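Peer 1: Data: data-v8.tsv, TSV, C-alpha atoms and all ligand atoms.
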chain	number	residue	atom	x	y	z
A	161	MET	CA	3.59	-19.78	0.07
A	162	LEU	CA	2.86	-16.20	-0.81
A	163	ALA	CA	-0.27	-16.23	1.32
A	164	ARG	CA	1.57	-17.68	4.27
A	165	ASN	CA	4.26	-15.05	3.96
A	166	ALA	CA	1.66	-12.32	3.78
A	167	LEU	CA	-0.04	-13.69	6.85
A	168	ARG	CA	3.21	-13.85	8.77
A	169	THR	CA	3.98	-10.29	7.77
A	170	LEU	CA	0.63	-9.13	9.07
A	171	ARG	CA	1.14	-10.95	12.33
A	172	THR	CA	4.58	-9.51	12.83
A	173	ALA	CA	4.04	-5.99	11.66
A	174	ALA	CA	0.54	-5.16	12.77
A	175	ALA	CA	0.99	-6.34	16.37
A	176	PRO	CA	-2.55	-7.64	16.01
A	177	SER	CA	-4.84	-8.44	18.85
A	178	VAL	CA	-5.22	-12.15	19.37
A	179	ASN	CA	-8.63	-13.73	19.56
A	180	ARG	CA	-8.65	-17.48	20.15
A	181	GLY	CA	-5.22	-17.66	18.57
A	182	ILE	CA	-6.31	-15.84	15.40
A	183	ALA	CA	-4.43	-12.79	14.14
A	184	THR	CA	-6.85	-9.92	13.65
A	185	ALA	CA	-6.23	-7.08	11.24
A	186	THR	CA	-7.51	-3.65	12.27
A	187	LEU	CA	-7.97	-0.42	10.36
A	188	PRO	CA	-5.02	1.86	11.22
A	189	THR	CA	-5.58	5.37	12.53
A	190	LEU	CA	-5.09	8.09	9.93
A	191	ASP	CA	-2.56	10.85	10.72
A	192	TYR	CA	-4.68	13.51	8.94
A	193	ASP	CA	-8.28	14.42	8.17
A	194	PHE	CA	-9.99	13.08	5.06
A	195	GLY	CA	-9.96	16.56	3.48
A	196	ALA	CA	-6.34	17.34	4.36
A	197	LEU	CA	-4.95	16.12	1.02
A	198	GLU	CA	-7.14	18.46	-1.05
A	199	PRO	CA	-7.04	19.69	-3.74
A	200	PHE	CA	-4.86	16.79	-4.86
A	201	ILE	CA	-7.02	13.98	-3.45
A	202	SER	CA	-10.57	14.88	-2.49
A	203	GLY	CA	-11.94	14.33	0.99
A	204	GLN	CA	-14.76	12.27	-0.49
A	205	ILE	CA	-12.31	9.87	-2.13
A	206	ASN	CA	-10.27	9.52	1.07
A	207	GLU	CA	-13.34	8.91	3.20
A	208	ILE	CA	-14.77	6.21	0.94
A	209	HIS	CA	-11.36	4.70	0.26
A	210	TYR	CA	-10.64	4.38	3.98
A	211	THR	CA	-14.03	3.66	5.55
A	212	LYS	CA	-15.36	1.40	2.78
A	213	HIS	CA	-12.58	-0.09	0.67
A	214	HIS	CA	-9.86	-0.53	3.28
A	215	GLN	CA	-12.41	-1.56	5.90
A	216	THR	CA	-13.64	-4.28	3.55
A	217	TYR	CA	-10.14	-5.72	3.15
A	218	VAL	CA	-9.79	-5.80	6.94
A	219	THR	CA	-13.20	-7.42	7.47
A	220	GLN	CA	-12.75	-10.00	4.73
A	221	PHE	CA	-9.21	-10.87	5.79
A	222	ASN	CA	-10.39	-11.51	9.33
A	223	ALA	CA	-13.32	-13.60	8.09
A	224	ALA	CA	-11.12	-15.71	5.82
A	225	ASN	CA	-8.58	-16.12	8.60
A	226	GLU	CA	-11.25	-17.45	10.95
A	227	GLN	CA	-12.41	-19.86	8.27
A	228	ILE	CA	-8.85	-21.09	7.79
A	229	VAL	CA	-8.53	-21.78	11.50
A	230	GLU	CA	-11.76	-23.79	11.37
A	231	ALA	CA	-10.62	-25.65	8.25
A	232	GLU	CA	-7.31	-26.45	9.96
A	233	LYS	CA	-9.18	-27.86	12.96
A	234	GLU	CA	-11.24	-29.98	10.58
A	235	GLY	CA	-8.14	-31.01	8.65
A	236	ASP	CA	-9.89	-29.88	5.47
A	237	LEU	CA	-6.90	-29.31	3.18
A	238	LYS	CA	-8.97	-28.45	0.11
A	239	LYS	CA	-10.75	-25.73	2.03
A	240	ILE	CA	-7.48	-24.37	3.39
A	241	VAL	CA	-6.06	-24.16	-0.14
A	242	ALA	CA	-9.24	-22.56	-1.49
A	243	LEU	CA	-9.09	-19.86	1.19
A	244	GLN	CA	-5.55	-18.80	0.29
A	245	ASN	CA	-6.76	-16.52	-2.50
A	246	LEU	CA	-8.95	-14.61	-0.08
A	247	ILE	CA	-6.12	-14.31	2.45
A	248	ASN	CA	-3.80	-13.05	-0.28
A	249	PHE	CA	-6.22	-10.56	-1.74
A	250	HIS	CA	-7.66	-9.05	1.42
A	251	GLY	CA	-4.50	-9.38	3.51
A	252	GLY	CA	-2.55	-7.79	0.66
A	253	GLY	CA	-5.16	-5.05	0.42
A	254	HIS	CA	-4.80	-4.35	4.13
A	255	ILE	CA	-0.99	-4.21	3.98
A	256	ASN	CA	-0.95	-2.06	0.84
A	257	HIS	CA	-3.46	0.49	2.10
A	258	SER	CA	-1.82	0.71	5.53
A	259	LEU	CA	1.44	1.60	3.75
A	260	PHE	CA	-0.40	3.96	1.39
A	261	TRP	CA	-2.01	6.13	4.12
A	262	LYS	CA	1.37	6.51	5.81
A	263	ASN	CA	3.16	7.44	2.61
A	264	LEU	CA	0.78	10.36	2.10
A	265	ALA	CA	0.83	13.60	4.08
A	266	PRO	CA	-0.81	17.03	3.83
A	267	GLN	CA	1.53	19.74	2.56
A	268	SER	CA	1.28	21.39	6.00
A	269	GLN	CA	2.95	18.23	7.36
A	270	GLY	CA	5.66	18.00	4.73
A	271	GLY	CA	3.72	16.30	1.95
A	272	GLY	CA	5.44	16.69	-1.41
A	273	GLU	CA	8.82	17.70	0.03
A	274	LEU	CA	11.45	15.66	-1.79
A	275	PRO	CA	14.08	13.77	0.21
A	276	SER	CA	17.08	15.80	1.22
A	277	PRO	CA	19.99	15.21	-1.23
A	278	ASP	CA	22.16	14.49	1.83
A	279	SER	CA	19.91	11.74	3.20
A	280	PRO	CA	20.62	8.06	2.42
A	281	LEU	CA	17.44	7.89	0.29
A	282	GLY	CA	18.28	11.15	-1.47
A	283	LYS	CA	21.75	9.85	-2.30
A	284	ALA	CA	20.39	6.54	-3.59
A	285	ILE	CA	17.88	8.35	-5.83
A	286	GLN	CA	20.63	10.59	-7.14
A	287	ALA	CA	22.94	7.64	-7.80
A	288	GLY	CA	20.33	5.49	-9.50
A	289	TRP	CA	18.17	8.03	-11.27
A	290	GLY	CA	20.11	11.27	-11.44
A	291	GLY	CA	17.42	12.92	-9.35
A	292	ALA	CA	13.83	12.60	-8.21
A	293	ASP	CA	12.30	13.88	-11.48
A	294	LYS	CA	13.35	10.80	-13.44
A	295	LEU	CA	12.21	8.49	-10.65
A	296	ILE	CA	8.79	10.17	-10.55
A	297	ASP	CA	8.43	10.13	-14.35
A	298	THR	CA	9.29	6.44	-14.41
A	299	THR	CA	6.80	5.69	-11.64
A	300	ASN	CA	4.08	7.59	-13.50
A	301	ALA	CA	4.86	5.62	-16.66
A	302	ALA	CA	4.65	2.39	-14.65
A	303	LEU	CA	1.30	3.49	-13.18
A	304	ALA	CA	-0.04	4.29	-16.64
A	305	GLY	CA	1.00	0.82	-17.74
A	306	VAL	CA	-0.92	-1.02	-15.02
A	307	GLN	CA	-3.66	-2.94	-16.83
A	308	GLY	CA	-6.81	-3.40	-14.82
A	309	SER	CA	-6.23	-2.89	-11.09
A	310	GLY	CA	-2.91	-2.68	-9.33
A	311	TRP	CA	-0.18	-0.57	-7.79
A	312	ALA	CA	3.18	0.93	-8.62
A	313	TRP	CA	5.81	0.97	-5.89
A	314	ILE	CA	9.08	2.74	-5.37
A	315	VAL	CA	11.08	0.11	-3.52
A	316	LYS	CA	14.49	-0.50	-2.02
A	317	ASN	CA	16.22	-3.59	-3.34
A	318	LYS	CA	17.52	-5.23	-0.16
A	319	LEU	CA	20.31	-7.00	-2.02
A	320	THR	CA	21.77	-3.97	-3.79
A	321	GLY	CA	20.39	-1.02	-1.81
A	322	ASP	CA	19.16	0.45	-5.10
A	323	VAL	CA	15.90	2.37	-5.49
A	324	GLU	CA	13.71	0.66	-8.10
A	325	VAL	CA	10.18	0.92	-9.50
A	326	ILE	CA	7.95	-2.14	-9.68
A	327	THR	CA	4.27	-2.80	-10.33
A	328	LYS	CA	1.90	-5.27	-8.70
A	329	GLN	CA	-1.44	-6.57	-9.93
A	330	ASN	CA	-4.61	-6.41	-7.83
A	331	GLN	CA	-3.61	-6.39	-4.15
A	332	ASP	CA	-0.43	-8.45	-4.36
A	333	PRO	CA	1.84	-7.04	-1.65
A	334	VAL	CA	5.51	-6.17	-2.00
A	335	LEU	CA	7.45	-9.09	-0.52
A	336	GLY	CA	10.78	-10.83	-0.79
A	337	ASN	CA	13.83	-8.74	-1.51
A	338	TYR	CA	11.97	-5.46	-1.83
A	339	ILE	CA	11.16	-2.91	0.87
A	340	PRO	CA	8.19	-0.75	-0.16
A	341	LEU	CA	9.05	2.96	0.12
A	342	VAL	CA	6.17	4.68	-1.70
A	343	GLY	CA	3.08	2.92	-3.05
A	344	ILE	CA	0.56	4.50	-5.40
A	345	ASP	CA	-2.86	2.94	-5.76
A	346	ALA	CA	-3.85	2.69	-9.43
A	347	TRP	CA	-7.27	1.18	-8.74
A	348	GLU	CA	-10.14	3.24	-10.16
A	349	HIS	CA	-11.58	3.71	-6.66
A	350	ALA	CA	-8.47	5.74	-5.78
A	351	TYR	CA	-9.19	8.54	-8.28
A	352	TYR	CA	-12.36	8.13	-10.31
A	353	LEU	CA	-14.71	10.35	-8.26
A	354	GLN	CA	-12.36	13.28	-8.83
A	355	TYR	CA	-10.32	12.58	-11.96
A	356	LYS	CA	-12.80	10.43	-13.91
A	357	ASN	CA	-11.05	8.82	-16.90
A	358	VAL	CA	-8.01	11.13	-16.77
A	359	LYS	CA	-5.93	9.03	-14.43
A	360	ALA	CA	-2.69	10.63	-15.65
A	361	ASP	CA	-3.76	13.81	-13.82
A	362	TYR	CA	-4.18	11.84	-10.57
A	363	PHE	CA	-0.74	10.29	-10.99
A	364	LYS	CA	0.72	13.75	-11.54
A	365	ALA	CA	-1.13	15.35	-8.62
A	366	ILE	CA	-0.40	12.77	-5.94
A	367	TRP	CA	3.30	13.70	-5.78
A	368	ASN	CA	2.21	16.93	-4.07
A	369	VAL	CA	1.21	14.91	-1.02
A	370	ILE	CA	3.79	12.12	-0.97
A	371	ASN	CA	5.36	11.70	2.47
A	372	TRP	CA	9.03	11.30	1.61
A	373	LYS	CA	9.95	11.47	5.31
A	374	GLU	CA	8.13	8.14	5.75
A	375	ALA	CA	9.95	6.81	2.67
A	376	GLU	CA	13.27	7.82	4.24
A	377	LYS	CA	12.39	5.89	7.40
A	378	ARG	CA	11.44	2.82	5.40
A	379	PHE	CA	14.65	3.11	3.37
A	380	ALA	CA	16.60	3.12	6.64
A	381	GLY	CA	14.55	0.16	7.92
A	382	GLU	CA	13.20	2.20	10.79
A	383	ALA	CA	9.49	2.27	10.10
A	384	GLY	CA	6.63	1.02	8.08
A	385	PHE	CA	3.87	-1.49	8.18
A	386	GLY	CA	4.33	-4.94	6.73
A	387	ILE	CA	7.93	-4.52	5.72
A	401	MN3	MN	-7.34	1.28	-2.85
Would you mind writing the file out in structure tokens?
Peer 2:
Amino acid sequence: MLARNALRTLRTAAAPSVNRGIATATLPTLDYDFGALEPFISGQINEIHYTKHHQTYVTQFNAANEQIVEAEKEGDLKKIVALQNLINFHGGGHINHSLFWKNLAPQSQGGGELPSPDSPLGKAIQAGWGGADKLIDTTNAALAGVQGSGWAWIVKNKLTGDVEVITKQNQDPVLGNYIPLVGIDAWEHAYYLQYKNVKADYFKAIWNVINWKEAEKRFAGEAGFGI
């Protein structure tokens, strides 16, 4: 069910090109150069993260999707079920990274500027957390608590309108009643070349290039990929 939802989200949100009836994921265009987030995230990390890691999720999602279409033609239910893990993992990876690139910005483009206290997101953060500092501290604690590979997300609870912090393992995407506002990649590939084993420094540094303007749009339901 999760995989089907993820697939539907991709189809809806990515406006994918259609090839023989198959939804095709594509690597999104970056709004900044690889080196534009330095010194907080190195150009080398961004380049490898985007051209290798994200590209692999795109390629493998498309490959698994083609195999599912073939398996459906063959009526091979076991194969269809077996392929769901690949769809989930690589489709989730594509959704998560597409959101991630957009929720980062160089400081010259507003990266690190906290939401205005008068904005709907700013008000929700104030009401729920007493300010952005507590929200950021809580997110960093959640990131530190991710065992193995995963993500922490600042989300909007659709039912209550509250701003919450959740974690996800591996590449499980944010679905259901949550709208992802800001996602932070806690996989080693996101920081190791620069921060080595001191991931707490990466978690601290990344707030300098968080694109809160994008988060405000997502909070208002006006933008975003896969939400
Ligand atoms: Mn990653």
Peer 1: Name all residues at most 9 Å from A:Ala380 (count only C-alpha atoms; drop same-chain ones fewer than 4 positions away) and give them as a list in words.
Peer 2: Pro280, Leu281, Ala375 and Glu376 of chain A
Peer 1: Chain A near ligand MN3 401 (chain A) within 8 Å: what's each residue's closest atom pair and its distance in Å to one decimal, counting all atoms listed in the file, ordered by chain then ascending residue number, as a Markdown table?
Peer 2:
| residue | atom | partner | partner_atom | distance |
| --- | --- | --- | --- | --- |
| A:His209 | CA | A:MN3_401 | MN | 6.1 |
| A:His213 | CA | A:MN3_401 | MN | 6.5 |
| A:His214 | CA | A:MN3_401 | MN | 6.9 |
| A:Gly253 | CA | A:MN3_401 | MN | 7.5 |
| A:His257 | CA | A:MN3_401 | MN | 6.3 |
| A:Asp345 | CA | A:MN3_401 | MN | 5.6 |
| A:Ala346 | CA | A:MN3_401 | MN | 7.6 |
| A:Trp347 | CA | A:MN3_401 | MN | 5.9 |
| A:His349 | CA | A:MN3_401 | MN | 6.2 |
| A:Ala350 | CA | A:MN3_401 | MN | 5.5 |
Peer 1: Hey, can you check how far atom CA of A:Thr189 sits from atom CA of A:Gly381?
Peer 2: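 One can read the atom CA of A:Thr189 to atom CA of A:Gly381 distance as 21.3 Å.
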Peer 1: I need the residue nearest A:Asn368 from this list: A:Ser202, A:Ile339, A:Ala183, A:Leu274. Use all atoms listed in the file for the distance.
Peer 2: A:Leu274
Peer 1: If you count only C-alpha atoms, which residues fall within 12 Å of A:Leu243, apart from same-chain ones fewer than 6 positions away, as an MDAnalysis selection string?
Peer 2: chainID A and resid 163:164 220:232 236:237 249:251
Peer 1: Nearest to A:Trp367 among A:Asp293, A:Glu234, A:Asp193, A:Glu324, with distances taken over all atoms listed in the file: which residue is it?
Peer 2: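 Of the candidates, the smallest distance to A:Trp367 is held by A:Asp293.
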Peer 1: Tell me, in Å to one decimal, how far atom CA of A:Ala365 is from atom CA of A:Asp297.
Peer 2: 12.3 Å
Peer 1: Given the choices A:Ala302, A:Ala287, A:Ile247, A:Ala265, which gets closest to A:Phe194 if the distance is worked out from only C-alpha atoms?
Peer 2: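 Looking at the shortest contact to A:Phe194, the residue is A:Ala265.
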Peer 1: Taking into account all atoms listed in the file, which residue in the set A:Gly343, A:Gly282, A:Gly290, A:Gly336 is nearest to A:Ala312?
Peer 2: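 Closest residue, counting all atoms listed in the file: A:Gly343.
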Peer 1: Here is a test: counting all atoms listed in the file, which residue of A:Ile296, A:Ile314, A:Val306, A:Val358 is nearest to A:Lys328?
Peer 2: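 Ranked by minimum distance to A:Lys328, first place goes to A:Val306.
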Peer 1: So that I can check the surroundings of A:Asn317, please list as a list in words every protein, DNA and RNA residue that reaches within 6 Å of it, counting all atoms listed in the file and ignoring chain neighbours fewer than 2 positions away.
Peer 2: Leu319, Thr320, Gly321, Asp322, Asn337 and Tyr338 of chain A
